[in-house]
$ cat protein12.txt   # compact mmCIF, C-alpha atoms
# COMPACT_ATOMS: atom_id res chain seq x y z
CA MET A 1 -9.36 17.45 -16.13
CA PRO A 2 -10.00 14.39 -13.84
CA ASN A 3 -11.96 12.64 -16.62
CA GLN A 4 -9.04 13.25 -18.98
CA LEU A 5 -6.64 11.72 -16.41
CA LEU A 6 -8.76 8.55 -16.29
CA ALA A 7 -8.93 8.41 -20.08
CA ASN A 8 -5.15 8.78 -20.29
CA TYR A 9 -4.66 6.02 -17.72
CA LEU A 10 -7.00 3.62 -19.50
CA ALA A 11 -5.27 4.33 -22.82
CA ALA A 12 -1.76 3.84 -21.40
CA PRO A 13 -1.69 2.14 -17.98
CA ASP A 14 2.11 2.30 -17.97
CA GLY A 15 1.67 6.05 -17.47
CA PHE A 16 0.35 5.70 -13.91
CA ASP A 17 3.16 7.76 -12.38
CA GLU A 18 2.67 10.50 -14.96
CA MET A 19 -1.04 10.51 -14.16
CA LEU A 20 -0.30 10.94 -10.44
CA ASP A 21 2.18 13.72 -11.18
CA ALA A 22 -0.33 15.54 -13.40
CA ALA A 23 -2.98 15.28 -10.67
CA LYS A 24 -0.43 16.49 -8.09
CA VAL A 25 -1.07 13.41 -5.92
CA PRO A 26 1.73 13.17 -3.33
CA ARG A 27 3.34 9.76 -3.75
CA ALA A 28 4.54 9.64 -0.15
CA HIS A 29 1.01 9.18 1.15
CA TRP A 30 -1.09 6.05 1.20
CA ARG A 31 -4.01 6.27 -1.22
CA ALA A 32 -7.17 4.18 -1.24
CA MET A 33 -7.26 2.74 -4.74
CA LEU A 34 -11.01 3.23 -5.17
CA ASP A 35 -10.74 6.79 -3.90
CA ASN A 36 -8.24 7.61 -6.66
CA LEU A 37 -10.68 6.57 -9.36
CA GLU A 38 -13.75 8.09 -7.73
CA HIS A 39 -12.54 11.59 -8.51
CA ALA A 40 -11.74 10.65 -12.10
CA ALA A 41 -14.92 8.72 -12.93
CA PRO A 42 -17.17 10.28 -15.57
CA ASP A 43 -20.25 11.99 -14.12
CA MET A 44 -22.68 9.54 -15.74
CA MET A 45 -20.97 6.63 -13.95
CA ARG A 46 -20.71 8.26 -10.53
CA GLN A 47 -23.87 6.82 -8.96
CA ARG A 48 -23.10 3.26 -10.07
CA PHE A 49 -19.47 3.63 -9.00
CA GLU A 50 -20.45 4.85 -5.52
CA MET A 51 -22.76 1.85 -5.04
CA VAL A 52 -20.01 -0.58 -6.04
CA GLN A 53 -17.51 1.30 -3.87
CA ARG A 54 -19.72 0.93 -0.78
CA GLN A 55 -20.13 -2.81 -1.38
CA VAL A 56 -16.42 -3.35 -1.93
CA ARG A 57 -15.41 -1.34 1.12
CA GLU A 58 -17.61 -3.46 3.38
CA ASN A 59 -15.49 -6.48 2.41
CA GLY A 60 -12.07 -4.98 1.86
CA VAL A 61 -10.08 -1.91 1.04
CA THR A 62 -6.66 -1.56 -0.58
CA TYR A 63 -4.21 1.28 -0.09
CA ASN A 64 -1.06 1.82 -2.13
CA VAL A 65 2.11 3.84 -1.68
CA THR A 66 4.94 4.44 -4.16
CA ALA A 67 7.34 6.57 -2.11
CA ASP A 68 8.68 7.00 1.40
CA ALA A 69 7.39 9.52 3.92
CA ASP A 70 9.77 12.14 2.51
CA GLY A 71 8.39 11.73 -1.01
CA ARG A 72 11.34 9.76 -2.45
CA PRO A 73 10.31 6.86 -4.72
CA PHE A 74 11.23 3.48 -3.24
CA ASP A 75 14.75 2.52 -4.22
CA GLY A 76 16.18 -1.00 -4.10
CA GLN A 77 19.45 0.32 -2.71
CA HIS A 78 17.76 1.25 0.55
CA GLY A 79 15.82 -0.41 3.33
CA TYR A 80 12.55 0.96 4.69
CA THR A 81 10.51 0.58 7.85
CA ILE A 82 6.89 1.07 8.65
CA ARG A 83 6.01 1.35 12.31
CA PHE A 84 2.53 0.86 13.63
CA ALA A 85 2.07 2.57 17.00
CA PRO A 86 0.61 0.65 19.95
CA ASP A 87 -3.08 0.12 19.18
CA GLY A 88 -2.33 1.38 15.66
CA LEU A 89 -2.38 -1.81 13.60
CA PRO A 90 -4.77 -1.78 10.64
CA PRO A 91 -8.31 -1.92 12.10
CA VAL A 92 -9.99 -5.01 10.65
CA ASP A 93 -12.44 -7.70 11.65
CA ALA A 94 -10.83 -10.29 9.34
CA PHE A 95 -7.15 -9.74 8.46
CA TRP A 96 -4.68 -7.35 6.84
CA SER A 97 -1.59 -7.83 4.68
CA LEU A 98 1.24 -5.73 3.29
CA ALA A 99 2.78 -6.82 -0.03
CA ALA A 100 5.43 -5.34 -2.34
CA TYR A 101 5.17 -5.47 -6.14
CA THR A 102 7.52 -4.62 -8.99
CA ALA A 103 6.43 -1.39 -10.68
CA ALA A 104 7.31 -2.56 -14.19
CA ASP A 105 5.15 -5.69 -14.37
CA LEU A 106 3.00 -5.48 -11.21
CA ASN A 107 4.16 -8.87 -9.97
CA LEU A 108 5.04 -9.91 -6.45
CA ILE A 109 8.78 -9.60 -5.85
CA PRO A 110 10.65 -12.91 -6.15
CA ASN A 111 12.81 -13.55 -3.10
CA PRO A 112 14.89 -16.34 -1.53
CA ILE A 113 12.53 -16.97 1.41
CA ASP A 114 9.31 -17.11 -0.66
CA ARG A 115 7.64 -14.45 1.49
CA TYR A 116 5.29 -12.25 -0.50
CA SER A 117 3.35 -10.52 2.25
CA VAL A 118 3.37 -9.84 5.96
CA GLY A 119 0.40 -9.13 8.15
CA ASP A 120 -1.60 -10.39 11.05
CA HIS A 121 -1.85 -13.79 9.31
CA ALA A 122 1.93 -14.28 9.34
CA SER A 123 3.28 -16.50 12.06
CA GLY A 124 6.01 -15.21 14.32
CA LEU A 125 5.61 -11.46 13.83
CA ARG A 126 7.22 -9.67 16.76
CA MET A 127 5.74 -6.72 18.55
CA ASP A 128 7.96 -3.85 19.68
CA GLY A 129 8.58 -3.42 23.41
CA ASP A 130 5.87 -0.75 23.65
CA GLY A 131 3.22 -2.87 21.91
CA GLY A 132 3.68 -1.34 18.46
CA MET A 133 5.04 -3.21 15.44
CA THR A 134 7.86 -2.38 13.02
CA LEU A 135 8.07 -4.06 9.62
CA TYR A 136 11.22 -4.05 7.50
CA LEU A 137 11.02 -3.76 3.72
CA GLN A 138 14.42 -4.25 2.12
CA PRO A 139 16.29 -6.54 -0.28
CA ASP A 140 18.56 -8.12 2.35
CA LYS A 141 17.71 -9.87 5.59
CA PRO A 142 17.60 -7.38 8.47
CA ALA A 143 20.07 -7.76 11.32
CA GLY A 144 19.24 -8.39 14.94
CA GLY A 145 16.69 -11.19 14.70
CA ARG A 146 14.13 -9.08 12.81
CA GLU A 147 13.67 -11.55 9.95
CA THR A 148 10.16 -12.48 11.10
CA ASN A 149 9.06 -8.88 10.42
CA TRP A 150 10.85 -8.70 7.05
CA LEU A 151 9.20 -8.28 3.66
CA PRO A 152 11.85 -8.72 0.94
CA THR A 153 11.96 -6.08 -1.81
CA SER A 154 13.77 -5.85 -5.12
CA PRO A 155 17.40 -4.67 -5.07
CA GLU A 156 17.28 -3.49 -8.69
CA SER A 157 13.71 -2.77 -9.80
CA PRO A 158 11.37 0.03 -8.72
CA TRP A 159 8.57 -1.25 -6.50
CA PHE A 160 5.46 -0.17 -4.60
CA VAL A 161 3.46 -1.45 -1.63
CA LEU A 162 -0.18 -2.45 -1.20
CA LEU A 163 -1.91 -2.66 2.15
CA ARG A 164 -5.05 -4.78 2.00
CA MET A 165 -7.57 -4.75 4.82
CA TYR A 166 -10.37 -7.32 4.83
CA ARG A 167 -13.62 -6.49 6.62
CA PRO A 168 -12.22 -3.12 7.64
CA ARG A 169 -13.63 -1.42 10.70
CA PRO A 170 -15.16 2.06 10.37
CA ALA A 171 -11.90 3.77 11.41
CA ALA A 172 -10.23 2.39 8.28
CA LEU A 173 -12.94 3.85 6.08
CA ASP A 174 -13.78 7.19 7.67
CA GLY A 175 -10.20 8.49 7.85
CA SER A 176 -9.83 8.37 11.63
CA TRP A 177 -7.13 5.67 11.21
CA ARG A 178 -4.19 6.53 8.99
CA CYS A 179 -1.54 4.15 7.79
CA PRO A 180 1.89 5.40 8.92
CA GLY A 181 4.46 6.44 6.37
CA MET A 182 7.35 4.30 5.18
CA HIS A 183 10.73 5.61 6.32
CA ARG A 184 14.12 5.07 4.72
CA ALA A 185 16.16 3.10 7.22
CA ASP A 186 19.64 3.94 5.97

$ encode --input "protein12.txt" --output "structure tokens"
Amino acid sequence: MPNQLLANYLAAPDGFDEMLDAAKVPRAHWRAMLDNLEHAAPDMMRQRFEMVQRQVRENGVTYNVTADADGRPFDGQHGYTIRFAPDGLPPVDAFWSLAAYTAADLNLIPNPIDRYSVGDHASGLRMDGDGGMTLYLQPDKPAGGRETNWLPTSPESPWFVLLRMYRPRPAALDGSWRCPGMHRAD
């Protein structure tokens, strides 16, 4: 069945959500994009795929999420937060970024402040009082001086989030670090 899922995806990439549903992949959890395909790759390609996967992971890894921590698909009528605990930021030797994309055309979300990602490269990010960090993903500017930690999202189109980690540390690859879930804020 996994090989059939990959074949269906390659034949109709617009059916990505249907593919995830058929594979019973919970949308509320972050998934490593290469890991998703590893289980669907044809047996004859497995060895080559694993070699490429190791090389790619040494330089960067990408995780995606399409729903909040309760399993609800992201909705433009709501705001969301992701909170990294103290000492829980993405473990990298280079940098990390979080970006939101429209589900229909896979483009970055146009927004009035021209901000398309947030991460450790962004100037002015504020840490929480306990040393953690909360990011706000929503269509409208958050209240209370939290704009520096704001990633604008679409108010009308479905969207998803990618977390990219460049030169990830072992914790990002071996599963000992987990990206926290996205929570509906309202």

$ closest_residue --input "protein12.txt" --among "A:Ala171, A:Val161, A:Leu89, A:Met182" --to "Met127 (chain A)" --atoms "all atoms listed in the file"
A:Leu89

$ residues_around --input "protein12.txt" --residues "region 118-124 of chain A" --least-positions-apart "5" --cutoff "8 Å" --atoms "all atoms listed in the file" --output "compact mmCIF listing (two decimals) with C-alpha atoms, in the frame of the given file"
# COMPACT_ATOMS: atom_id res chain seq x y z
CA PHE A 95 -7.15 -9.74 8.46
CA TRP A 96 -4.68 -7.35 6.84
CA SER A 97 -1.59 -7.83 4.68
CA LEU A 98 1.24 -5.73 3.29
CA ALA A 99 2.78 -6.82 -0.03
CA THR A 148 10.16 -12.48 11.10
CA ASN A 149 9.06 -8.88 10.42
CA TRP A 150 10.85 -8.70 7.05
CA LEU A 151 9.20 -8.28 3.66

$ atom_distance --input "protein12.txt" --atom1 "CA of Ala185 (chain A)" --atom2 "CA of Ser117 (chain A)"
19.3 Å

$ atom_distance --input "protein12.txt" --atom1 "CA of Val92 (chain A)" --atom2 "CA of Pro139 (chain A)"
28.5 Å

$ atom_distance --input "protein12.txt" --atom1 "CA of Lys141 (chain A)" --atom2 "CA of Met165 (chain A)"
25.8 Å

$ residues_near_point --input "protein12.txt" --point "(5.8, 4.8, 4.4)" --cutoff "7 Å" --atoms "only C-alpha atoms" --output "list of chain:residue names"
A:Ala28, A:Ala67, A:Asp68, A:Ala69, A:Ile82, A:Pro180, A:Gly181, A:Met182, A:His183

$ closest_residue --input "protein12.txt" --among "A:Ile113, A:Arg83, A:Asp140, A:His78" --to "Arg126 (chain A)" --atoms "all atoms listed in the file"
A:Arg83

$ residues_near_point --input "protein12.txt" --point "(15.7, 3.4, -4.0)" --cutoff "8 Å" --atoms "all atoms listed in the file" --output "PyMOL selection string"
chain A and resi 72-78+158

$ residues_around --input "protein12.txt" --residues "Gly132 (chain A)" --least-positions-apart "4" --cutoff "7 Å" --atoms "only C-alpha atoms" --output "PyMOL selection string"
chain A and resi 84-87+127-128

$ closest_residue --input "protein12.txt" --among "A:Leu125, A:Cys179, A:Val61, A:Leu135" --to "Arg164 (chain A)" --atoms "only C-alpha atoms"
A:Val61

$ build_atoms --input "protein12.txt" --residues "region 115-149 of chain A" --atoms "N, CA and C atoms" --output "JSON list (two decimals), keeping the file's coordinate frame"
[["chain", "number", "residue", "atom", "x", "y", "z"],
["A", 115, "ARG", "N", 8.60, -15.22, 0.69],
["A", 115, "ARG", "CA", 7.64, -14.45, 1.49],
["A", 115, "ARG", "C", 7.16, -13.29, 0.62],
["A", 116, "TYR", "N", 5.86, -13.24, 0.41],
["A", 116, "TYR", "CA", 5.29, -12.25, -0.50],
["A", 116, "TYR", "C", 4.38, -11.26, 0.20],
["A", 117, "SER", "N", 4.12, -11.48, 1.46],
["A", 117, "SER", "CA", 3.35, -10.52, 2.25],
["A", 117, "SER", "C", 3.63, -10.75, 3.72],
["A", 118, "VAL", "N", 3.36, -9.73, 4.51],
["A", 118, "VAL", "CA", 3.37, -9.84, 5.96],
["A", 118, "VAL", "C", 2.08, -9.21, 6.45],
["A", 119, "GLY", "N", 1.63, -9.67, 7.58],
["A", 119, "GLY", "CA", 0.40, -9.13, 8.15],
["A", 119, "GLY", "C", 0.01, -9.94, 9.36],
["A", 120, "ASP", "N", -1.20, -9.70, 9.83],
["A", 120, "ASP", "CA", -1.60, -10.39, 11.05],
["A", 120, "ASP", "C", -1.80, -11.89, 10.85],
["A", 121, "HIS", "N", -1.75, -12.36, 9.60],
["A", 121, "HIS", "CA", -1.85, -13.79, 9.31],
["A", 121, "HIS", "C", -0.49, -14.50, 9.36],
["A", 122, "ALA", "N", 0.58, -13.71, 9.37],
["A", 122, "ALA", "CA", 1.93, -14.28, 9.34],
["A", 122, "ALA", "C", 2.33, -14.78, 10.73],
["A", 123, "SER", "N", 2.86, -15.96, 10.76],
["A", 123, "SER", "CA", 3.28, -16.50, 12.06],
["A", 123, "SER", "C", 4.61, -15.90, 12.48],
["A", 124, "GLY", "N", 4.75, -15.65, 13.76],
["A", 124, "GLY", "CA", 6.01, -15.21, 14.32],
["A", 124, "GLY", "C", 6.28, -13.72, 14.29],
["A", 125, "LEU", "N", 5.35, -12.90, 13.81],
["A", 125, "LEU", "CA", 5.61, -11.46, 13.83],
["A", 125, "LEU", "C", 5.87, -11.01, 15.27],
["A", 126, "ARG", "N", 6.85, -10.15, 15.42],
["A", 126, "ARG", "CA", 7.22, -9.67, 16.76],
["A", 126, "ARG", "C", 6.71, -8.26, 16.98],
["A", 127, "MET", "N", 6.17, -8.05, 18.15],
["A", 127, "MET", "CA", 5.74, -6.72, 18.55],
["A", 127, "MET", "C", 6.94, -5.99, 19.15],
["A", 128, "ASP", "N", 6.94, -4.67, 19.05],
["A", 128, "ASP", "CA", 7.96, -3.85, 19.68],
["A", 128, "ASP", "C", 7.71, -3.85, 21.19],
["A", 129, "GLY", "N", 8.69, -3.43, 21.96],
["A", 129, "GLY", "CA", 8.58, -3.42, 23.41],
["A", 129, "GLY", "C", 7.40, -2.62, 23.94],
["A", 130, "ASP", "N", 6.98, -1.59, 23.19],
["A", 130, "ASP", "CA", 5.87, -0.75, 23.65],
["A", 130, "ASP", "C", 4.51, -1.22, 23.14],
["A", 131, "GLY", "N", 4.49, -2.36, 22.43],
["A", 131, "GLY", "CA", 3.22, -2.87, 21.91],
["A", 131, "GLY", "C", 2.95, -2.49, 20.46],
["A", 132, "GLY", "N", 3.80, -1.67, 19.88],
["A", 132, "GLY", "CA", 3.68, -1.34, 18.46],
["A", 132, "GLY", "C", 4.31, -2.44, 17.62],
["A", 133, "MET", "N", 4.41, -2.22, 16.32],
["A", 133, "MET", "CA", 5.04, -3.21, 15.44],
["A", 133, "MET", "C", 5.80, -2.49, 14.34],
["A", 134, "THR", "N", 7.04, -2.92, 14.10],
["A", 134, "THR", "CA", 7.86, -2.38, 13.02],
["A", 134, "THR", "C", 8.07, -3.48, 11.99],
["A", 135, "LEU", "N", 7.81, -3.14, 10.73],
["A", 135, "LEU", "CA", 8.07, -4.06, 9.62],
["A", 135, "LEU", "C", 9.22, -3.50, 8.80],
["A", 136, "TYR", "N", 10.02, -4.41, 8.24],
["A", 136, "TYR", "CA", 11.22, -4.05, 7.50],
["A", 136, "TYR", "C", 11.06, -4.46, 6.05],
["A", 137, "LEU", "N", 11.13, -3.50, 5.15],
["A", 137, "LEU", "CA", 11.02, -3.76, 3.72],
["A", 137, "LEU", "C", 12.36, -3.41, 3.10],
["A", 138, "GLN", "N", 13.08, -4.44, 2.66],
["A", 138, "GLN", "CA", 14.42, -4.25, 2.12],
["A", 138, "GLN", "C", 14.85, -5.51, 1.39],
["A", 139, "PRO", "N", 15.85, -5.37, 0.49],
["A", 139, "PRO", "CA", 16.29, -6.54, -0.28],
["A", 139, "PRO", "C", 16.98, -7.61, 0.57],
["A", 140, "ASP", "N", 17.77, -7.18, 1.55],
["A", 140, "ASP", "CA", 18.56, -8.12, 2.35],
["A", 140, "ASP", "C", 17.94, -8.34, 3.73],
["A", 141, "LYS", "N", 18.21, -9.51, 4.26],
["A", 141, "LYS", "CA", 17.71, -9.87, 5.59],
["A", 141, "LYS", "C", 18.15, -8.84, 6.62],
["A", 142, "PRO", "N", 17.21, -8.35, 7.44],
["A", 142, "PRO", "CA", 17.60, -7.38, 8.47],
["A", 142, "PRO", "C", 18.40, -8.05, 9.59],
["A", 143, "ALA", "N", 19.25, -7.26, 10.21],
["A", 143, "ALA", "CA", 20.07, -7.76, 11.32],
["A", 143, "ALA", "C", 19.27, -7.78, 12.61],
["A", 144, "GLY", "N", 19.80, -8.44, 13.60],
["A", 144, "GLY", "CA", 19.24, -8.39, 14.94],
["A", 144, "GLY", "C", 17.98, -9.20, 15.18],
["A", 145, "GLY", "N", 17.83, -10.32, 14.46],
["A", 145, "GLY", "CA", 16.69, -11.19, 14.70],
["A", 145, "GLY", "C", 15.35, -10.61, 14.25],
["A", 146, "ARG", "N", 15.37, -9.70, 13.27],
["A", 146, "ARG", "CA", 14.13, -9.08, 12.81],
["A", 146, "ARG", "C", 13.57, -9.73, 11.55],
["A", 147, "GLU", "N", 14.09, -10.90, 11.19],
["A", 147, "GLU", "CA", 13.67, -11.55, 9.95],
["A", 147, "GLU", "C", 12.17, -11.86, 9.93],
["A", 148, "THR", "N", 11.59, -12.15, 11.09],
["A", 148, "THR", "CA", 10.16, -12.48, 11.10],
["A", 148, "THR", "C", 9.29, -11.29, 10.67],
["A", 149, "ASN", "N", 9.80, -10.08, 10.81],
["A", 149, "ASN", "CA", 9.06, -8.88, 10.42],
["A", 149, "ASN", "C", 9.58, -8.29, 9.11]]
